[in-house]
Structure formats: structure tokens, C-alpha cells
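A.B. asks: Starting off with a structure, shown below.
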Amino acid sequence: MNSTFPPGTPHRDPTARTTTADIATASAAELTGKRRIAFASYVDEAALPAFLTLLRSLALSNPAVCEDFVVLHDGPAGPPGADRIKALHPRVRFRAVDAARYEGYGSDPSAYFPLEVFRIRDYDTVIVLDPGSLVVGGIGELLALREGLAAVPRSGDRDRLGGGPLVVQSEYLTDAFCARLDAAAGDSHLAVLDAALAGEFVPLAAADGVAGPGEAEARRRELDLSDEDFQAAYMTVKGGRHHDLQVHLGTPYVARTGHLYSAANIATAHIAAGEYQEAVDLLESVHIPVDEAWPHEVLGHALMSVSRYDEARAHLLLATAVPSRAAAAYGRLAQIAWVHGDDRAAQRYALDGLAVDPTHRTNREMQIRTLDRPEPPEGPADQQLAHVAFYMPQKGNAGDKLLPESVRLTFDPDFGPRRWHSIHAHRLFDEAALERVNARRGLVIGGGGLFLPDTAPNGNSAWQWNVPDDRLNRIDVPVIVYAVGFNVFDGQSYRQQRFAAALRALVEKASFFGLRNHGSVEKVRALLPASLRDKVRFQPCPTTVTRQLVAGWTDPAEREDTVLINAAYDRAGLRFGHDYAHFLAEMAKAARALGAHAEVKVVAHSLDDERIAFDLRREHGISLPVIPMYGFENDEIRDVFARTKLVIGMRGHAGMIPFGCGTPIISLISHPKMAYFLADIDRPEWGVSVHDRHLGAVLTERAVGVLHDHGAAVADVHGRQQELWKVTQGNAADLQALLPRR
């Protein structure tokens with residue numbers, strides 16, 4: 001029967017942390033509610049050989065899956081074969097069983113040691129595998145399970161366990177359930193578990209990708225491999241490979257064999273994870289023949305990401321000789337030329353790339369970006385502020401498009417070229433740029449999530465502004481870091497010492513250093529010496545106070561009867577983990593339910609955001625209109641968000657911009673910055689994790705509540721916004737002293 005066992009801790013709710021101090025010190029997983037999943041097995045000396053085979057079978061049958069593997073053992077001297085186990089899996093966690101705990105269970109306490117899995121508290125889902133079992137197929141269905149305790153029932157008795165994998169959710173990983181185990185009786189761990197469950201489990205099909213002990217013997221013999229043969233087998237398996245497994249198993253394989261295409265595959269995985277120097281080091285350790293285009297392209301990509309531009313050009317030019325790689329190589333050459341301010345060369349490379357592949361997105365974007373357009377006339381340099389920002393190209397992310405103008409409005413109602421000199425953060429800050437900045441009144445940097453390691457990567461600063469330390473140090477006008485965000489995703493980190501050194505240099509140089517939420521403030525302070533931490537202060541994103549900044553703003557007399565939904569798909573694996581199908585199904589439930597109260601539309605900040613509309617139609621038969629906001633001008637963006645009744649958004653600015661326009665929001669939390677913002681306005685209940693088990697019902701309840709008492713919801717937004725405006729005004733007084741008008 002389906003589980004009805006109620007006690008214990010439910011899946012983590014990111015809104016449970018209510019203060020800015022709680023939010024700032026929480027882990028990314030706690031803030032996003034992302035499920036922490038692990039495999040677990042009890043392994044003794046006798047089970048070790050079979051368990052090693054199990055690990056090989058898991059990797060080779062599910063090469064894109066790599067979660068923690070908790071190895072339970074009974075020895076105070078440590079687990080048997082620890083080094084052999086760690087050689088096969090990169091994320092092993094050893095856990096000793098408290099043998100004394102099981103002395104009262106039966107005459108042989110070791111028969112009950114596998115029950116230790118229920119005392120694990122570090123995960124939301126634990127998949128328990130018998131060490132003698134074998135993974136023979138895809139286990140996506142096991143990873144997707146969200147409710148109760150799932151097990152294979154006994155043949156002929158659906159209310160009793162029949163062996164096989166267990167999928168245990170957080171409500172069973174509790175002291176309350178362990179007390180039920182302690183009170184149960186049986187001659188084995190499965191008998192005790194059977195007694196404690198009393199038939200309350202979710203039935204699994206016996207063939208859900210896992211063969212039991214004694215089954216699939218032919219496959220078991222095939223998997224009796226040396227470590228070297230296992231590494232080779234993994235690197236040649238078809239389908240996607242997980243970054244951690246690929247690096248763990250592939251790196252020694254390449255070191256031993258020098259296999260070029262394996263090195264390129266691993267380097268590609270490094271690049272996708274923001275590990276650019278590791279990619280360079282690996283590919284430089286192998287010989288790349290002149291005519292091997294793809295490895296040259298990958299090495300060129302890695303080299304440009306650590307700012308070794310001349311070497312990158314050489315490898316990318318070699319890659320252009322092969323038609324199948326030429327378009328991508330030309331696109332990167334165009335990017336390098338643009339980074340160095342050479343728009344003509346960038347245009348030529350982009351056109352060469354489009355000649356090979358007219359649909360190539362990077363080349364199309366670079367070709368449009370570098371069209372020869374007349375520059376608007378600027379005012380006198382000594383009356384301008386220089387402004388380093390991420391200036392979105394045509395049809396770029398709507399939130400990032402609006403942001404530079406919003407920042408400027410906090411300094412000056414004139415946000416145009418008469419008072420501002422634009423410097424794109426992603427272009428190399430060269431001597432000419434330094435000279436231009438030092439001729440201005442000051443330099444403003446921001447806003448937005450510029451502290452992010454994998455957007456426009458460079459080796460000069462390791463964050464989005466491509467500035468070498470020596471040029472930063474030679475800026476002799478006031479430097480204002482304004483409403484910047486520490487934008488690292490759950491599962492992502494800055495691995496470079498270069499970033500820490502560059503960050504310290506920036507804080508030392510800055511006259512004002514304001515970050516857009518308290519979470520970012522605490523994360524950045526933790527990277528700084530004590531002497532610099534107090535320089536870091538809170539400055540809300542100016543999009544959150546739009547109603548106070550835009551001249552002549554008036555709130556709409558009437559609103560459209562609409563609810564807008566936004567979902568983001570950049571770094572989808574980090575956002576959704578194994579839960580995208582669940583997220584989509586829950587959003588379908590919410591869209592259907594909300595359709596009875598308002599017209600539901602998708603608002604796409606970028607072209608990729610439209611995917612939710614396609615997926616809802618394909619998977620659930622729901623058709624929603626799409627608002628292509630990536631093509632809108634700034635006034636249009638503000639107008640759409642001001643006139644709707646509610647925005648349910650995943651992107652940071654799909655929450656902050658409508659909030660700033662006075663519109664109620666519900667945040668779909670897939671990134672810590674959403675929880676940071678809601679904590680700053682003391683409204684954590686305005687967010688719900690994309691991993692929430694009951695996402696559809698929660699969204700519906702909260703959204704309907706907003707729609708039924710919309711006036712009160714709008715008034716609450718206005719009140720919260722006023723608090724952010726007070727902070728902004730207080731900081732503005734300090735900035736006015738630093739930057740007197742001329």
C-alpha cells in the first residue's frame with residue numbers, strides 16, 4: 001500500500017529560515033531546497049568484492065549519475081578496502097555502525113547493521129542497495145521518487161518486503177522512525193524493517209534497473225574488471241557522462257594512455273564546471289596533432305577563459321580548418337576580438353562562422369553586436385561618470401538589459417551619454433579604457449550578479465569585469481561598487497585563488513562597496529581579511545525601487561487580469577537536479593488551477609526561457625501565451641510588470657523588477673539569491689522551492705490568496721519597497737559626498 005507514515009522532518013523548506021542572519025549563513029542547498037540524494041550500502045569484508053562490482057555497474061549503466069555513496073561499515077579500524085572503493089567512485093562517504101546499538105536486536109547484531117541507514121541525517125533521499133546487487137539499467141525512476149519509503153514487495157505478498165533496493169525519503173530518516181525499528185522484532189534487518197513498516201511502503205517494480213544477488217551473472221562476470229580496464233570502459237561508454245565521474249576515472253586514464261579524445265572530453269567537462277585552468281593543464285599534457293580540430297577548439301576555449309588570448313587564437317585558427325568545428329571556432333575568435341575592442345575583426349570572424357553555419361547562435365550574436373553603428377555624442381568627460389556593467393545585446397536577457405539604466409537613475413535622472421560613459425564589463429580593461437576612466441568624475445561598477453565564475457570567464461580577475469590588477473590599482477577617481485551580487489549557484493564555487501586576490505584588491509580600491517543582498521554581503525566578507533569586511537555594505541538592487549526612481553511614475557489605475565510565469569534554464573542541472581519532471585508536472589497543476597482565476601502567461605526574459613511553454617504543451621497538453629520580453633525596450637519591460645496582477649518568477653529580476661514596479665511576486669527558488677532577496681524584505685513566505693513536493697498546491701494557494709486580496713498584497717509590496725528605498729537614500733547621501741556634481 002502507499003505509505004501513510006507521517007512523523008519526522010518533511011523535505012526542507014527554504015522559507016523556514018526567516019532572518020537575514022539565518023539566510024546569510026545557510027548552505028546553498030538549504031536555501032534552494034534542492035534534494036540531497038545518496039546511495040548507501042552496508043559493506044563488510046565478505047561483501048567487498050561484490051560491492052566493487054556494484055560500483056562499476058552503477059557507473060557504466062548510469063554514466064551521467066553521480067551522487068554521494070554512503071558506505072556503512074562495522075570496523076573501528078575503518079572500512080574494508082577503503083582505497084579500492086574510493087578508486088571507483090569520487091564521492092564516497094564512510095560511516096561506522098554503532099555496533100552496541102544493535103546488541104538487543106538478536107543473537108547476531110551484525111545481521112541488523114544495515115538498519116544504520118535510517119540514522120543518516122545528511123540527505124533527503126537515500127537509495128539503499130544490497131552490496132551484492134547489480135545495476136543493469138537506468139535508475140532515473142528511483143532518483144525521481146519523492147514520497148515515503150519505496151521497496152520491492154515480496155512475491156505473492158504485496159504487504160511485505162521482498163528484497164531489492166529501498167528508496168528512503170526524509171520522513172523515515174528520523175529518530176521517530178528509528179524508535180519504531182528499536183521496538184520491532186525479527187531475525188534480520190529486513191524482518192525488523194518489515195515489522196516496523198507494517199505494509200506501509202510504496203511498491204517498486206522488481207525490474208527497476210537493479211538485479212539482486214545471484215541474478216545477471218553473465219553481466220557480473222563482464223564487470224570483473226581491473227581499475228584500468230574500468231576507467232577505459234567508462235571513457236568509451238555511450239551517452240552523457242557526469243563531470244565528477246569523468247574527472248575521477250578519466251584523468252588517470254589519460255595520464256596513463258595519453259588518449260587525446262578522452263582528454264578533450266574531460267577538458268570539456270572541466271570548462272562546463274568553470275574549471276578552466278584544469279582544462280588547460282590536461283590538454284597541454286597530451287600531444288594534439290595539427291589536424292585534430294576539436295581538441296584544438298576545446299583548448300582554445302580553455303585558454304581564452306584564463307586570458308591566454310594569443311595562444312587561444314592559434315588553436316582556434318587551427319580548428320577552423322575542419323568544417324564541422326569551424327563555426328564554433330570562428331565564434332570564439334570573434335569573442336576574443338570583441339574582448340580586445342576590435343569590432344571589425346570580430347565582425348569578420350562572425351561572418352566567416354555564419355558562412356559555415358548560418359544558424360550558429362554565437363556568430364549571429366557577435367555579428368549583430370559589432371555592426372558599425374554611430375555612437376551617440378557624449379557630454380564633457382569631467383561631467384560624466386564611467387559605468388562598468390554587463391550591457392545586454394539586442395534580444396538579450398531583459399533583466400540585465402534594464403539594470404544599467406536603473407543603476408544610473410540612482411545617481412542622476414539623466415541616464416544617457418551626456419552624463420555617463422559606458423564600459424562593458426566583459427571587454428578587456430586596457431590602457432585606453434583606463435585613460436578614459438581617469439578623465440571622468442568617478443567609476444560606477446554594477447549592478448547585477450557580476451561575481452559569477454562562468455559568465456565571460458577571464459584569468460585577469462576571475463569575475464565578470466575583465467580587469468587586470470595593475471590597471472585597477474592605477475584608477476585615480478572614486479570607485480563605486482554598486483548593488484553587485486555574489487551569484488554562485490548551488491553546486492558551484494569559485495575555485496581560483498585569483499578571484500580572492502582580485503576581490504581583495506577591488507575592496508581595497510573602492511570608496512563605496514555595496515552588494516545587493518545581505519547574503520552576498522556575508523559571502524564576500526567571508527573571503528576578505530577582517531580589516532576590509534566593514535567596507536562591505538548592503539545596497540539593494542535599484543530595480544527593486546523602480547517606482548521611486550522613474551520620473552513621473554504613476555501606478556496603474558487598473559491592472560490586466562493576468563498572472564505571469566517565468567522559468568530559467570541556464571545551468572539547468574544546478575537548478576533542478578533530478579527534479580525537472582516533478583517541477584514541470586507541478587507547474588502544470590498550478591497553471592491549470594490558476595487559469596480559473598486569471599489568464600496565465602509565460603514571460604520570457606531570454607529566448608531560452610520559452611522552454612517552459614514548449615514543455616508544458618508537449619508533456620501536459622497546456623498551451624500558454626508567451627511574452628517575448630527579451631525583445632522589449634526598458635519602458636515596455638516596466639509597463640508589462642506594472643500592469644499584471646502577479647508574477648511567479650525564477651530569475652532574480654523576474655522577482656525584483658515587478659516588485660520594484662509595485663506588483664506582488666512569488667519566487668520559484670532555484671538559486672540562493674532569491675532567498676537572499678526575500679529575507680531582506682522580511683517576506684520569506686513569498687518564495688517556494690522548485691523542489692517542493694507539493695509545489696503546485698503551494699503555488700496555487702499563495703497565488704489565489706494574492707488575487708483574492710490584491711489591494712492588500714500591493715500595499716504590502718509598497719511597504720516593503722519603502723524600507724529598501726530608505727537604505728538607498730542613506731547610501732545616496734554618502735555617495736553624494738564622494739561624487740560632488742560638476
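Note on naming: chains are A, B, ... as they come in the C-alpha cells, residues start from 1 per chain, ligands start from 1 in the order shown.
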Please provide the set of residues having any atom within 8 Å of Ile423 in chain A, restricted to only C-alpha atoms, with same-chain residues fewer than 3 positions apart removed, written as a list in words.
C.D. replies: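 The residues that qualify are Ala386, His387, Val388, Ala389, Arg427 and Ala433 of chain A.
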A.B. asks: Could you go through range 381-449 of chain A and tell me which residues DSSP, when run on the backbone, assigns to helix (DSSP H, G or I), listing them as a ChimeraX atom specification?
C.D. replies: /A:381-383,398-409,431-438
A.B. asks: Find the residues around range 475-485 of chain A up to 6 Å (only C-alpha atoms counted), leave out those fewer than 4 positions away in its own chain, and share them as a VMD selection string.
C.D. replies: chain A and resid 438 442 to 449 510 to 516 520 539 to 541
A.B. asks: Write a file of the selected residues as a CSV table (one decimal), in the first residue's frame, keeping N, CA and C atoms.
C.D. replies:
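Full text of part-v6.csv as output:
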```csv
chain,number,residue,atom,x,y,z
A,438,ASN,N,39.9,57.6,-16.0
A,438,ASN,CA,40.6,58.6,-15.1
A,438,ASN,C,40.3,60.1,-15.6
A,442,GLY,N,34.2,59.8,-11.8
A,442,GLY,CA,34.3,58.6,-10.9
A,442,GLY,C,33.9,57.4,-11.8
A,443,LEU,N,34.0,56.2,-11.1
A,443,LEU,CA,33.7,55.0,-11.8
A,443,LEU,C,32.7,54.2,-11.0
A,444,VAL,N,31.5,53.9,-11.6
A,444,VAL,CA,30.5,53.0,-11.0
A,444,VAL,C,30.6,51.6,-11.6
A,445,ILE,N,30.6,50.6,-10.8
A,445,ILE,CA,30.6,49.2,-11.2
A,445,ILE,C,29.3,48.5,-10.7
A,446,GLY,N,28.5,48.1,-11.7
A,446,GLY,CA,27.3,47.4,-11.3
A,446,GLY,C,26.1,47.8,-12.1
A,447,GLY,N,25.0,47.2,-11.7
A,447,GLY,CA,24.8,46.2,-10.6
A,447,GLY,C,24.8,44.8,-11.3
A,448,GLY,N,24.0,44.0,-10.7
A,448,GLY,CA,23.8,42.6,-11.2
A,448,GLY,C,24.8,41.6,-10.6
A,449,GLY,N,24.6,40.4,-11.0
A,449,GLY,CA,25.4,39.3,-10.4
A,449,GLY,C,26.8,39.1,-11.0
A,510,ALA,N,38.0,50.4,-3.6
A,510,ALA,CA,36.6,51.0,-3.7
A,510,ALA,C,36.5,52.1,-2.6
A,511,SER,N,35.8,53.2,-3.0
A,511,SER,CA,35.4,54.2,-2.0
A,511,SER,C,34.0,53.8,-1.4
A,512,PHE,N,33.3,53.0,-2.2
A,512,PHE,CA,32.0,52.5,-1.7
A,512,PHE,C,31.8,51.1,-2.3
A,513,PHE,N,31.4,50.2,-1.4
A,513,PHE,CA,31.3,48.8,-1.9
A,513,PHE,C,30.0,48.2,-1.4
A,514,GLY,N,29.0,48.3,-2.2
A,514,GLY,CA,27.6,47.9,-1.8
A,514,GLY,C,27.1,46.7,-2.6
A,515,LEU,N,26.7,45.7,-1.9
A,515,LEU,CA,26.1,44.5,-2.5
A,515,LEU,C,24.6,44.4,-2.3
A,516,ARG,N,24.0,43.7,-3.3
A,516,ARG,CA,22.5,43.8,-3.4
A,516,ARG,C,21.7,43.0,-2.4
A,520,SER,N,24.9,38.1,-0.1
A,520,SER,CA,26.1,38.4,-0.8
A,520,SER,C,27.1,39.1,0.1
A,539,GLN,N,23.4,47.4,-0.4
A,539,GLN,CA,22.8,48.3,-1.3
A,539,GLN,C,21.8,47.5,-2.2
A,540,PRO,N,20.5,47.7,-1.9
A,540,PRO,CA,19.5,46.9,-2.7
A,540,PRO,C,19.7,47.2,-4.2
A,541,CYS,N,19.3,46.2,-5.0
A,541,CYS,CA,19.3,46.4,-6.4
A,541,CYS,C,18.3,47.5,-6.8
```
A.B. asks: Residues within 12 Å of Tyr309 in chain A, please, as a PyMOL selection string. Count only C-alpha atoms; anything in the same chain fewer than 4 positions from it doesn't count.
C.D. replies: chain A and resi 299-305+313-316+332-340+428+458-460
A.B. asks: Which residues are near range 63-70 of chain A? Cut-off 6 Å, only C-alpha atoms, ignore same chain within fewer than 4 positions. Put them as a list of chain:residue names.
C.D. replies: A:Ala38, A:Phe39, A:Ala40, A:Ala59, A:Arg91, A:Val92, A:Arg93, A:Phe94, A:Gly240, A:Arg241, A:His242
A.B. asks: Contacts of Ala267 in chain A at 8 Å or less, counting only C-alpha atoms, minus same-chain residues fewer than 6 places along, as a list in words?
C.D. replies: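 The residues satisfying every condition are Glu278, Ala279, Val280, Leu282, Leu283, Val298 and Leu299 of chain A.
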A.B. asks: Those residues you just picked out, can you put them in a file as a PDB file, in the first residue's frame with C-alpha atoms?
C.D. replies:
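New file again-v1.pdb:
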```pdb
ATOM      1  CA  GLU A 278      42.302  22.357 -15.089  1.00  0.00           C
ATOM      2  CA  ALA A 279      41.141  22.052 -18.703  1.00  0.00           C
ATOM      3  CA  VAL A 280      44.254  23.841 -19.923  1.00  0.00           C
ATOM      4  CA  LEU A 282      45.012  18.457 -19.010  1.00  0.00           C
ATOM      5  CA  LEU A 283      45.075  19.264 -22.728  1.00  0.00           C
ATOM      6  CA  VAL A 298      38.487  22.935 -26.724  1.00  0.00           C
ATOM      7  CA  LEU A 299      41.991  24.053 -25.754  1.00  0.00           C
TER       8      LEU A 299
END
```
A.B. asks: Give me, as a VMD selection string, all polymer residues having an atom no more than 9 Å from range 104-116 of chain A, counting only C-alpha atoms and skipping those fewer than 3 positions away in the same chain.
C.D. replies: chain A and resid 41 to 43 72 to 74 96 to 101 119 to 120 178 181 to 182 184 to 190 192 to 193
A.B. asks: For Gly132 in chain A, which of A:Glu147, A:Ser324, A:Gly162, A:Val210 is the closest residue, counting only C-alpha atoms?
C.D. replies: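 Closest residue, counting only C-alpha atoms: A:Val210.
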A.B. asks: Rank A:Ala179, A:Ala733, A:Ile637, A:Leu724 by their smallest atom-to-atom distance to Leu678 in chain A, using only C-alpha atoms, and report the top residue only.
C.D. replies: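 The shortest atom-to-atom distance to Leu678 in chain A comes from A:Leu724.
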A.B. asks: Of the candidates A:Glu378, A:Asp343, A:Asp470, A:Glu215, which one gets nearest to Ala502 in chain A if we count only C-alpha atoms?
C.D. replies: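 Selected residue with least distance to Ala502 in chain A: A:Asp470.
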A.B. asks: Please report the interatomic distance between CA of Thr174 in chain A and CA of Gly212 in chain A in Å with one decimal.
C.D. replies: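 A separation of 27.3 Å between them.
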A.B. asks: Using only C-alpha atoms, what does the table of range 81-150 of chain A residues within 7 Å of range 203-209 of chain A look like, with each row giving the shortest atom pair and its distance in Å to one decimal, sorted by chain and ascending number, as CSV?
C.D. replies:
```
residue,atom,partner,partner_atom,distance
A:Val135,CA,A:Gly209,CA,5.8
A:Val136,CA,A:Gly209,CA,5.3
A:Gly137,CA,A:Gly209,CA,4.2
A:Gly138,CA,A:Gly209,CA,5.4
A:Ile139,CA,A:Gly209,CA,5.5
A:Ala150,CA,A:Pro203,CA,5.7
```
